[in-house]
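Asker: Below is the file model.txt, which contains compact mmCIF, C-alpha atoms.
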```
# COMPACT_ATOMS: atom_id res chain seq x y z
CA MET A 215 -13.96 15.21 -0.07
CA GLU A 216 -14.36 12.89 -3.02
CA GLU A 217 -14.05 9.25 -3.98
CA GLN A 218 -10.50 8.47 -5.03
CA GLY A 219 -9.33 7.06 -8.34
CA ALA A 220 -6.43 4.68 -8.71
CA LYS A 221 -4.11 6.84 -10.82
CA GLN A 222 -0.71 6.54 -9.18
CA VAL A 223 1.72 3.85 -10.34
CA LYS A 224 3.00 1.91 -7.34
CA CYS A 225 5.34 -0.46 -9.17
CA LEU A 226 7.13 -0.24 -12.52
CA ILE A 227 8.18 -3.59 -13.99
CA TRP A 228 11.13 -3.49 -16.40
CA ASP A 229 12.17 -5.65 -19.31
CA LEU A 230 15.97 -5.98 -19.58
CA ASP A 231 17.14 -6.56 -23.17
CA ARG A 232 17.00 -3.37 -25.27
CA THR A 233 14.99 -1.70 -22.50
CA LEU A 234 17.10 -1.50 -19.35
CA TRP A 235 20.31 -2.15 -21.23
CA GLU A 236 21.26 -1.71 -24.86
CA GLY A 237 21.60 -5.22 -26.32
CA VAL A 238 20.38 -8.80 -25.94
CA LEU A 239 22.28 -10.62 -23.20
CA SER A 240 21.80 -14.14 -24.61
CA GLU A 241 23.20 -12.99 -27.96
CA GLY A 242 26.30 -11.41 -26.44
CA GLY A 243 24.95 -7.89 -26.95
CA SER A 244 25.91 -4.81 -24.99
CA THR A 245 24.72 -4.70 -21.39
CA LYS A 246 25.53 -1.03 -20.99
CA LEU A 247 22.59 0.74 -19.36
CA ARG A 248 20.54 2.75 -21.81
CA GLU A 249 20.79 6.50 -21.50
CA GLY A 250 18.81 7.89 -18.58
CA VAL A 251 18.00 4.49 -17.05
CA ARG A 252 20.16 4.80 -13.93
CA GLU A 253 18.87 8.28 -13.12
CA THR A 254 15.28 7.17 -13.72
CA LEU A 255 15.62 4.11 -11.48
CA THR A 256 17.21 6.10 -8.67
CA GLU A 257 14.60 8.85 -8.76
CA LEU A 258 11.62 6.48 -8.95
CA ASP A 259 13.00 4.64 -5.94
CA ARG A 260 13.36 7.94 -4.07
CA ARG A 261 9.75 8.77 -4.89
CA GLY A 262 8.58 5.50 -3.33
CA ILE A 263 7.69 3.78 -6.61
CA LEU A 264 8.67 0.13 -6.46
CA LEU A 265 10.71 -1.49 -9.21
CA SER A 266 10.72 -5.05 -10.49
CA ILE A 267 11.76 -7.08 -13.54
CA ALA A 268 9.96 -9.37 -15.99
CA SER A 269 12.57 -10.62 -18.45
CA LYS A 270 13.07 -13.66 -20.66
CA ASN A 271 16.65 -14.49 -19.74
CA GLU A 272 18.77 -16.77 -17.62
CA ALA A 273 18.45 -15.46 -14.08
CA GLY A 274 22.07 -15.98 -12.98
CA PRO A 275 23.84 -14.04 -15.76
CA ALA A 276 21.19 -11.29 -15.74
CA MET A 277 21.43 -10.74 -12.00
CA LYS A 278 25.22 -10.69 -12.30
CA ILE A 279 25.02 -7.82 -14.79
CA LEU A 280 22.59 -5.92 -12.56
CA LYS A 281 24.96 -6.38 -9.62
CA GLU A 282 27.90 -5.14 -11.68
CA HIS A 283 25.90 -1.99 -12.39
CA GLY A 284 25.17 -1.66 -8.67
CA ILE A 285 21.40 -1.66 -9.15
CA ASP A 286 20.40 -5.23 -8.31
CA ASP A 287 19.06 -4.25 -4.88
CA LEU A 288 16.60 -1.77 -6.41
CA PHE A 289 14.39 -4.53 -7.80
CA LEU A 290 11.84 -6.46 -5.75
CA CYS A 291 10.84 -10.01 -6.69
CA PRO A 292 12.61 -10.00 -10.09
CA GLN A 293 11.12 -12.59 -12.45
CA ILE A 294 13.89 -13.61 -14.83
CA SER A 295 13.08 -16.84 -16.65
CA TRP A 296 11.70 -18.08 -19.95
CA ASP A 297 8.09 -17.85 -18.72
CA ASP A 298 5.60 -15.64 -20.53
CA LYS A 299 5.98 -12.09 -19.29
CA ALA A 300 2.28 -11.87 -18.51
CA VAL A 301 2.79 -14.76 -16.08
CA SER A 302 5.80 -13.01 -14.56
CA VAL A 303 3.85 -9.76 -14.16
CA GLY A 304 1.03 -11.64 -12.45
CA ARG A 305 3.49 -13.28 -10.10
CA ILE A 306 4.97 -9.92 -9.12
CA MET A 307 1.51 -8.51 -8.40
CA GLU A 308 0.77 -11.48 -6.17
CA LEU A 309 4.08 -11.31 -4.28
CA LEU A 310 3.77 -7.57 -3.68
CA ASN A 311 0.00 -7.69 -3.07
CA LEU A 312 -0.70 -4.99 -5.66
CA LYS A 313 -3.66 -4.56 -7.96
CA PRO A 314 -3.18 -4.38 -11.79
CA GLU A 315 -4.09 -0.69 -11.94
CA ALA A 316 -1.15 0.05 -9.63
CA ILE A 317 1.30 -1.67 -12.00
CA ALA A 318 3.16 -0.37 -15.05
CA PHE A 319 5.28 -2.39 -17.50
CA ILE A 320 7.98 -1.12 -19.86
CA ASP A 321 9.31 -3.19 -22.76
CA ASP A 322 10.79 -2.56 -26.21
CA ASN A 323 8.83 -5.42 -27.80
CA PRO A 324 5.27 -4.54 -28.93
CA PHE A 325 4.25 -8.21 -28.82
CA GLU A 326 5.26 -8.46 -25.14
CA ARG A 327 3.47 -5.21 -24.29
CA ASP A 328 0.30 -6.40 -26.03
CA ALA A 329 0.49 -9.83 -24.39
CA VAL A 330 0.82 -8.32 -20.90
CA GLN A 331 -2.02 -5.89 -21.50
CA TYR A 332 -4.24 -8.63 -22.93
CA GLN A 333 -3.80 -10.74 -19.79
CA HIS A 334 -3.84 -7.74 -17.42
CA PRO A 335 -5.96 -5.01 -19.08
CA LYS A 336 -5.51 -2.53 -16.22
CA VAL A 337 -1.71 -2.67 -16.27
CA ARG A 338 -0.27 0.39 -17.99
CA VAL A 339 2.37 -0.36 -20.63
CA TYR A 340 5.13 1.85 -22.03
CA GLU A 341 7.65 1.63 -24.83
CA GLU A 342 11.34 1.78 -23.96
CA THR A 343 11.49 5.17 -25.70
CA ALA A 344 9.45 6.58 -22.80
CA VAL A 345 12.35 6.22 -20.34
CA PRO A 346 13.67 9.81 -20.70
CA ALA A 347 10.21 11.24 -20.03
CA LEU A 348 8.91 8.85 -17.33
CA LEU A 349 9.84 11.11 -14.43
CA SER A 350 7.66 13.90 -15.83
CA TYR A 351 4.53 11.75 -16.17
CA PRO A 352 1.89 12.51 -13.49
CA GLU A 353 1.37 8.83 -12.69
CA PHE A 354 5.01 8.66 -11.59
CA THR A 355 4.96 11.99 -9.75
CA PRO A 356 3.51 11.80 -6.25
CA ARG A 357 2.47 15.11 -4.76
CA PHE A 358 4.67 14.55 -1.69
CA ILE A 359 7.78 12.49 -1.07
CA THR A 360 7.57 11.52 2.58
CA PRO A 361 10.05 9.59 4.72
CA ASP A 362 7.73 6.60 4.27
CA SER A 363 7.94 7.04 0.48
CA ALA A 364 11.72 7.10 0.45
CA ALA A 365 11.86 4.00 2.67
CA ARG A 366 9.14 2.06 0.83
CA ARG A 367 11.45 -0.38 -0.97
CA HIS A 368 13.19 -1.27 2.28
CA MET A 369 9.82 -1.79 3.97
CA TYR A 370 8.72 -4.17 1.22
CA GLN A 371 12.05 -6.00 1.41
CA THR A 372 11.61 -6.60 5.13
CA ASP A 373 8.02 -7.72 4.53
CA LEU A 374 9.25 -10.29 2.03
CA MET A 375 11.59 -11.52 4.78
CA ARG A 376 8.58 -11.90 7.09
CA GLN A 377 6.76 -13.88 4.41
CA GLU A 378 9.73 -16.23 4.02
CA ALA A 379 9.94 -16.69 7.79
CA LYS A 380 6.24 -17.53 7.93
CA LYS A 381 6.64 -20.24 5.28
CA SER A 382 9.12 -22.10 7.47
CA PHE A 383 7.18 -21.57 10.72
CA THR A 384 5.37 -24.69 11.90
CA GLY A 385 2.98 -23.19 14.46
CA SER A 386 -0.29 -21.30 14.07
CA SER A 387 -0.61 -17.90 12.40
CA GLU A 388 -1.13 -16.23 15.77
CA ASP A 389 1.93 -17.95 17.20
CA PHE A 390 3.95 -16.64 14.25
CA LEU A 391 2.64 -13.11 14.79
CA LYS A 392 3.78 -13.32 18.41
CA THR A 393 7.33 -13.95 17.22
CA LEU A 394 7.31 -10.68 15.25
CA GLN A 395 7.21 -8.56 18.43
CA ILE A 396 4.79 -6.08 16.85
CA HIS A 397 4.61 -2.59 18.37
CA VAL A 398 1.85 -0.19 17.33
CA ALA A 399 1.77 3.44 18.46
CA VAL A 400 -1.37 5.55 17.99
CA LYS A 401 -1.26 9.32 18.21
CA ARG A 402 -3.17 12.43 17.21
CA VAL A 403 -2.48 13.61 13.66
CA THR A 404 -0.32 16.74 13.54
CA GLU A 405 0.66 18.87 10.57
CA ASP A 406 3.96 16.96 10.44
CA ASP A 407 1.95 13.83 9.60
CA LEU A 408 -0.33 15.28 6.95
CA GLN A 409 1.74 14.54 3.86
CA ARG A 410 1.85 10.84 4.79
CA VAL A 411 -1.83 10.95 5.79
CA GLU A 412 -2.78 12.28 2.35
CA GLU A 413 -0.56 9.63 0.76
CA LEU A 414 -2.34 6.87 2.70
CA THR A 415 -5.76 8.04 1.54
CA ILE A 416 -4.59 8.16 -2.08
CA ARG A 417 -2.59 4.92 -2.19
CA THR A 418 -4.73 2.59 -0.06
CA HIS A 419 -7.62 0.82 -1.80
CA GLN A 420 -8.12 -2.66 -0.32
CA LEU A 421 -8.08 -1.57 3.31
CA ASN A 422 -9.98 1.70 2.96
CA ALA A 423 -13.49 1.55 4.37
CA THR A 424 -14.90 4.49 2.41
CA GLY A 425 -12.59 5.25 -0.52
CA TYR A 426 -12.69 8.91 0.53
CA THR A 427 -9.74 11.16 -0.07
CA TYR A 428 -9.30 14.66 1.31
CA SER A 429 -7.33 17.62 0.07
CA TYR A 430 -4.37 18.74 2.12
CA ASP A 431 -6.30 21.81 3.33
CA GLU A 432 -9.23 19.63 4.40
CA LEU A 433 -6.87 17.39 6.34
CA VAL A 434 -5.45 20.42 8.15
CA GLU A 435 -8.98 21.42 9.18
CA LEU A 436 -9.83 17.91 10.36
CA ALA A 437 -6.64 17.71 12.45
CA HIS A 438 -7.53 20.94 14.26
CA SER A 439 -11.29 20.54 14.58
CA PRO A 440 -12.69 19.61 18.03
CA ARG A 441 -15.52 17.84 16.19
CA TYR A 442 -13.12 15.08 15.08
CA ILE A 443 -10.67 12.66 16.61
CA PHE A 444 -8.02 12.15 13.94
CA LEU A 445 -5.44 9.45 14.67
CA VAL A 446 -2.47 7.94 12.84
CA CYS A 447 -0.74 4.70 13.81
CA SER A 448 2.84 3.58 13.27
CA MET A 449 4.17 0.04 13.43
CA HIS A 450 7.51 -1.66 13.91
CA ASP A 451 8.60 -5.20 14.70
CA ARG A 452 11.78 -7.21 14.98
CA TYR A 453 12.34 -6.96 11.21
CA GLY A 454 12.20 -3.18 11.08
CA ASP A 455 10.08 -0.04 10.93
CA ASN A 456 6.91 -0.07 8.83
CA GLY A 457 6.32 3.66 9.26
CA LYS A 458 2.84 5.17 9.43
CA VAL A 459 0.43 2.43 8.37
CA GLY A 460 -3.07 3.36 9.53
CA LEU A 461 -5.63 6.12 10.03
CA LEU A 462 -8.73 6.59 12.15
CA LEU A 463 -11.08 9.53 11.73
CA LEU A 464 -13.95 9.72 14.20
CA GLU A 465 -16.63 12.39 14.18
CA HIS A 466 -18.66 13.51 17.19
CA THR A 467 -21.91 13.26 15.24
CA SER A 468 -24.20 14.01 18.19
CA GLU A 469 -24.33 13.92 21.97
CA THR A 470 -24.89 10.17 21.84
CA VAL A 471 -23.23 9.01 18.59
CA MET A 472 -19.67 8.88 17.30
CA THR A 473 -19.17 8.01 13.61
CA LEU A 474 -16.12 6.36 12.13
CA LYS A 475 -15.48 8.30 8.90
CA LEU A 476 -12.13 6.81 7.91
CA LEU A 477 -10.53 3.49 8.69
CA ILE A 478 -7.46 2.96 6.52
CA VAL A 479 -4.63 0.46 6.86
CA SER A 480 -1.69 0.07 4.50
CA CYS A 481 -1.97 -3.11 2.45
CA ARG A 482 1.62 -3.97 3.45
CA VAL A 483 0.42 -4.87 6.95
CA MET A 484 -3.00 -6.32 6.11
CA SER A 485 -2.12 -9.77 7.44
CA TYR A 486 -1.10 -8.56 10.90
CA GLY A 487 -4.52 -7.62 12.24
CA ILE A 488 -3.82 -3.89 12.40
CA GLY A 489 -7.22 -3.02 10.90
CA SER A 490 -9.09 -5.05 13.51
CA ALA A 491 -6.89 -3.58 16.23
CA LEU A 492 -7.64 0.01 15.16
CA LEU A 493 -11.34 -0.77 14.98
CA ALA A 494 -11.21 -2.24 18.49
CA TYR A 495 -9.54 0.94 19.71
CA ALA A 496 -12.27 3.08 18.12
CA MET A 497 -14.87 0.96 19.89
CA GLN A 498 -13.06 1.46 23.20
CA LEU A 499 -12.97 5.24 22.69
CA ALA A 500 -16.70 5.39 21.97
CA HIS A 501 -17.45 3.21 25.00
CA ARG A 502 -15.38 5.41 27.34
CA MET A 503 -17.21 8.48 26.05
CA GLY A 504 -20.58 6.80 26.55
CA LYS A 505 -21.43 6.99 22.85
CA GLU A 506 -22.85 4.57 20.31
CA LEU A 507 -20.35 3.87 17.52
CA HIS A 508 -21.49 4.10 13.92
CA ALA A 509 -19.26 3.45 10.91
CA GLU A 510 -19.51 4.54 7.30
CA PHE A 511 -18.74 2.04 4.58
CA PHE A 512 -18.69 2.90 0.88
CA GLN A 513 -18.18 -0.11 -1.36
CA THR A 514 -15.42 0.22 -3.95
CA GLU A 515 -13.94 -2.25 -6.39
CA HIS A 516 -11.38 -3.55 -3.90
CA ASN A 517 -12.42 -2.96 -0.28
CA ARG A 518 -14.81 -5.85 0.43
CA ILE A 519 -12.41 -7.03 3.14
CA MET A 520 -13.21 -3.92 5.19
CA TYR A 521 -16.93 -4.74 5.16
CA ILE A 522 -16.06 -8.22 6.42
CA THR A 523 -13.90 -6.65 9.15
CA TYR A 524 -16.86 -4.60 10.37
CA LYS A 525 -19.25 -7.55 10.28
CA MET A 526 -16.85 -9.85 12.15
CA ALA A 527 -16.45 -7.15 14.80
CA GLY A 528 -20.21 -7.15 15.42
CA PHE A 529 -21.43 -4.20 13.31
CA GLU A 530 -24.88 -4.32 11.72
CA GLU A 531 -26.31 -2.24 8.88
CA ILE A 532 -28.76 0.46 9.95
CA GLU A 533 -28.93 2.56 6.78
CA GLU A 534 -28.33 2.02 3.06
CA ASP A 535 -28.03 4.53 0.25
CA GLY A 536 -26.76 2.88 -2.95
CA ASP A 537 -23.20 1.70 -2.31
CA ARG A 538 -23.02 3.67 0.94
CA LEU A 539 -23.82 1.85 4.17
CA LEU A 540 -24.06 3.09 7.72
CA LEU A 541 -23.32 0.43 10.30
CA SER A 542 -23.63 0.38 14.06
CA TYR A 543 -21.91 -1.75 16.66
CA ALA A 544 -24.54 -4.12 17.98
CA GLY A 545 -22.47 -6.07 20.51
CA GLU A 546 -22.37 -5.64 24.26
CA GLU A 547 -18.71 -6.36 24.96
CA VAL A 548 -15.94 -3.96 23.99
CA PRO A 549 -13.12 -5.85 22.24
CA THR A 550 -9.43 -5.32 22.82
CA PRO A 551 -6.60 -5.37 20.26
CA PRO A 552 -4.97 -8.78 19.66
CA SER A 553 -2.66 -9.88 22.46
CA TYR A 554 0.31 -10.25 20.09
CA ILE A 555 0.33 -6.46 19.48
CA ASN A 556 2.15 -4.23 21.93
CA TRP A 557 -0.22 -1.26 21.94
CA ASP A 558 0.77 2.30 22.88
CA THR A 559 -1.95 4.96 22.90
CA SER A 560 -0.33 7.41 25.31
CA GLU A 561 0.06 10.13 22.67
CA ALA A 562 -3.47 9.62 21.39
CA GLU A 563 -5.04 10.29 24.75
CA ALA A 564 -2.66 12.92 26.12
```
Could I get this structure in the form of structure tokens?
Answerer:
Amino acid sequence: MEEQGAKQVKCLIWDLDRTLWEGVLSEGGSTKLREGVRETLTELDRRGILLSIASKNEAGPAMKILKEHGIDDLFLCPQISWDDKAVSVGRIMELLNLKPEAIAFIDDNPFERDAVQYQHPKVRVYEETAVPALLSYPEFTPRFITPDSAARRHMYQTDLMRQEAKKSFTGSSEDFLKTLQIHVAVKRVTEDDLQRVEELTIRTHQLNATGYTYSYDELVELAHSPRYIFLVCSMHDRYGDNGKVGLLLLEHTSETVMTLKLLIVSCRVMSYGIGSALLAYAMQLAHRMGKELHAEFFQTEHNRIMYITYKMAGFEEIEEDGDRLLLSYAGEEVPTPPSYINWDTSEAEA
């Protein structure tokens, strides 16, 4: 077990002129796709790497060309305007809720690459000549391609639909969440889940309470060990299936104490209360077993929100060792998941 580093690219943002296609659209140049582009786009999408666009162009004509090539649907939140590309890249990060270190940008113009990297130092930039080799780069090569990976673009597309629906909703946030008809199923981790489980530990940074990642072999041991309760949760709502979005790893530390070693929730569903719901379920499990619940928290660059989640749930610090904290639930009442979530734990407790 070790602390994870943010190495994997989650989204590649493309320039259009002389990068995606051969010429300059506004000058009447060729809009034939450059060699290898179609194959690269299709394979990155299959691997679960999101695609977007930051291009200085007129949006209508550019999107028309993309549609003619049959690739327009591959790109999320395309930013096609005369804005600075650094602004467009920042907008894409905000819309997709991704950190700069998860973003890559490819452009033929060295000035544009430098400008983006100046404004967003952690964004990785590539020349257009890198296209033929991109698929061989480790940052674009996930260890596993899971069903969740292959469906990731569709999941983000449906989430953007939820965001648009929320903008037009006039009631409270909780009332809006009730309209989503959220269903969460919690079950024991099996070997069929482990590729996605490893992917969650590697990809999730904001909603990861410890920043720990485990090797595949370690995950197999945890799933089979009677010392641990290892759970994965899936979510769907009226917009579609979100796949496996959360993990709980609980250790029977002693006869009287259970310790929460992992609490991870995909950032895609961070606004739906899934993290608080999983934590509530862990508290219920500990209560039913007559054990005190402790929780490990290891501060990373991005996961402050998880510390706040613990504190709001009633956890207090009982031990500190540098950035590592051990917390304990200090409340008397055992919370329940939010009422707007339809909660199924039958396979977790079978």
Asker: Tell me which of A:Arg502, A:Lys475, A:His368, A:Lys246 sits closest to A:Ile279, counting all atoms listed in the file.
Answerer: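 Selected residue with least distance to A:Ile279: A:Lys246.
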Asker: Between A:Pro551, A:Gly262, A:Gly454, A:Pro292, which has the minimum distance to A:Ala276 (counting all atoms listed in the file)?
Answerer: A:Pro292
Asker: Let me make sure I understand: among A:Asp298, A:Asp451, A:Glu253, A:Glu236, which one has the smallest atom-to-atom distance to A:Asp322 if we use only C-alpha atoms?
Answerer: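 Closest to A:Asp322 of all the choices is A:Glu236.
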Asker: Pick the closest to A:Val400 from A:Glu510, A:Glu531, A:Glu561, A:Glu378: which is it, counting all atoms listed in the file?
Answerer: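 Residue with the minimum atom-to-atom distance to A:Val400: A:Glu561.
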Asker: So that I can check the surroundings of A:Arg376, please list as a ChimeraX atom specification every protein, DNA and RNA residue that reaches within 9 Å of it, counting all atoms listed in the file and ignoring chain neighbours fewer than 4 positions away.
Answerer: /A:371-372,380-381,394,453
Asker: Quick one: everything within 12 Å of A:Leu464, counting all atoms listed in the file, minus sequence neighbours fewer than 5 positions away in the same chain. Send it as a PyMOL selection string.
Answerer: chain A and resi 402+436-437+439-446+471-477+492-493+495-497+499-500+505-510
Asker: Show which residues sit within 12 Å of A:Thr355, as number ranges by chain. Count only C-alpha atoms, and ignore same-chain residues fewer than 6 positions away.
Answerer: A: 221-224, 257-263, 347-349, 363
Asker: Using all atoms listed in the file for the distances, tell me which of A:Ser485, A:Gln409, A:Thr360, A:Asn311 is nearest to A:Ser387.
Answerer: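 Once distances to A:Ser387 are computed over all atoms listed in the file, the minimum belongs to A:Ser485.
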Asker: Which polymer residues have any atom within 9 Å of an atom of A:Cys291, counting all atoms listed in the file, with same-chain residues fewer than 6 positions away left out, as a list in words?
Answerer: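 The filter keeps Leu265, Ser266, Ile267, Arg305, Ile306, Leu309, Leu310 and Leu374 of chain A.
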Asker: I'd like the contact shell of A:Tyr554 - 7 Å cut-off, all atoms listed in the file, skipping same-chain residues fewer than 6 positions apart - returned as a ChimeraX atom specification.
Answerer: /A:391-392,396
Asker: Would you work out the distance separating atom CA of A:Ala316 from atom CA of A:Glu272, expressed in Å to one decimal?
Answerer: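 Going from atom CA of A:Ala316 over to atom CA of A:Glu272 covers 27.3 Å.
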Asker: Take every atom of stretch 309-321 of chain A listed in the file, pad by 5 Å on each side, and give me the axis-aligned box centre and edge lengths in Å, one decimal, as JSON.
Answerer:
```
{"center_x": 2.6, "center_y": -5.6, "center_z": -12.9, "size_x": 23.4, "size_y": 21.4, "size_z": 29.7}
```
Asker: By how many Å are atom CA of A:Glu341 and atom CA of A:Met369 apart?
Answerer: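 Here the two named atoms are 29.1 Å from each other.
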Asker: Give the answer as one residue: which of A:His397, A:Arg452, A:His334, A:Lys299 has the shortest atom-to-atom distance to A:Asn556, using only C-alpha atoms?
Answerer: A:His397
Asker: Just give me the gap between atom CA of A:Asn517 and atom CA of A:Gly304 in Å, one decimal is fine.
Answerer: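 About the pair atom CA of A:Asn517 and atom CA of A:Gly304: they are 20.1 Å apart.
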Asker: Got a moment to write stretch 329-394 of chain A out with C-alpha atoms, as a short mmCIF file (atom, residue, chain, number, x, y, z; two decimals), in the first residue's frame?
Answerer:
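To be explicit, this is the file written out as part15.cif:
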```cif
data_model
loop_
_atom_site.label_atom_id
_atom_site.label_comp_id
_atom_site.auth_asym_id
_atom_site.auth_seq_id
_atom_site.Cartn_x
_atom_site.Cartn_y
_atom_site.Cartn_z
CA ALA A 329 0.10 30.16 -22.74
CA VAL A 330 -1.97 27.22 -21.47
CA GLN A 331 0.90 25.88 -19.40
CA TYR A 332 1.66 29.32 -17.98
CA GLN A 333 -1.92 29.69 -16.74
CA HIS A 334 -2.27 26.02 -15.76
CA PRO A 335 1.23 24.75 -14.85
CA LYS A 336 0.04 21.21 -14.03
CA VAL A 337 -1.67 20.67 -17.38
CA ARG A 338 0.46 18.49 -19.65
CA VAL A 339 0.93 19.84 -23.18
CA TYR A 340 1.82 18.03 -26.40
CA GLU A 341 2.73 19.01 -29.93
CA GLU A 342 0.50 17.83 -32.76
CA THR A 343 3.37 15.60 -33.92
CA ALA A 344 2.75 13.44 -30.84
CA VAL A 345 -0.57 12.13 -32.19
CA PRO A 346 0.83 8.91 -33.74
CA ALA A 347 2.54 7.98 -30.46
CA LEU A 348 -0.07 9.11 -27.90
CA LEU A 349 -1.61 5.67 -27.47
CA SER A 350 1.75 4.25 -26.39
CA TYR A 351 2.37 6.85 -23.68
CA PRO A 352 1.87 5.47 -20.14
CA GLU A 353 -0.26 8.43 -19.07
CA PHE A 354 -2.79 7.43 -21.74
CA THR A 355 -2.57 3.70 -21.02
CA PRO A 356 -4.68 2.57 -18.07
CA ARG A 357 -3.77 -0.81 -16.65
CA PHE A 358 -7.34 -2.08 -17.08
CA ILE A 359 -10.17 -1.11 -19.40
CA THR A 360 -13.31 -1.86 -17.42
CA PRO A 361 -16.96 -1.57 -18.46
CA ASP A 362 -17.01 1.68 -16.46
CA SER A 363 -14.02 2.94 -18.47
CA ALA A 364 -15.65 2.22 -21.81
CA ALA A 365 -18.87 3.92 -20.70
CA ARG A 366 -17.20 6.93 -19.06
CA ARG A 367 -18.02 9.45 -21.81
CA HIS A 368 -21.68 8.47 -21.74
CA MET A 369 -21.72 8.79 -17.94
CA TYR A 370 -20.28 12.29 -18.14
CA GLN A 371 -22.77 13.21 -20.86
CA THR A 372 -25.69 12.16 -18.67
CA ASP A 373 -24.18 14.06 -15.74
CA LEU A 374 -24.05 17.20 -17.86
CA MET A 375 -27.76 16.63 -18.53
CA ARG A 376 -28.36 16.49 -14.77
CA GLN A 377 -26.47 19.75 -14.33
CA GLU A 378 -28.60 21.44 -16.97
CA ALA A 379 -31.78 20.13 -15.34
CA LYS A 380 -30.65 21.48 -11.97
CA LYS A 381 -30.10 24.95 -13.43
CA SER A 382 -33.75 25.16 -14.45
CA PHE A 383 -35.10 23.60 -11.23
CA THR A 384 -36.69 26.13 -8.89
CA GLY A 385 -36.86 24.11 -5.67
CA SER A 386 -34.21 23.22 -3.10
CA SER A 387 -31.18 21.05 -3.82
CA GLU A 388 -32.71 18.18 -1.86
CA ASP A 389 -35.97 18.49 -3.76
CA PHE A 390 -34.01 18.29 -7.02
CA LEU A 391 -32.15 15.19 -5.82
CA LYS A 392 -35.49 13.56 -5.09
CA THR A 393 -36.47 13.99 -8.73
CA LEU A 394 -33.40 12.01 -9.84
#
```
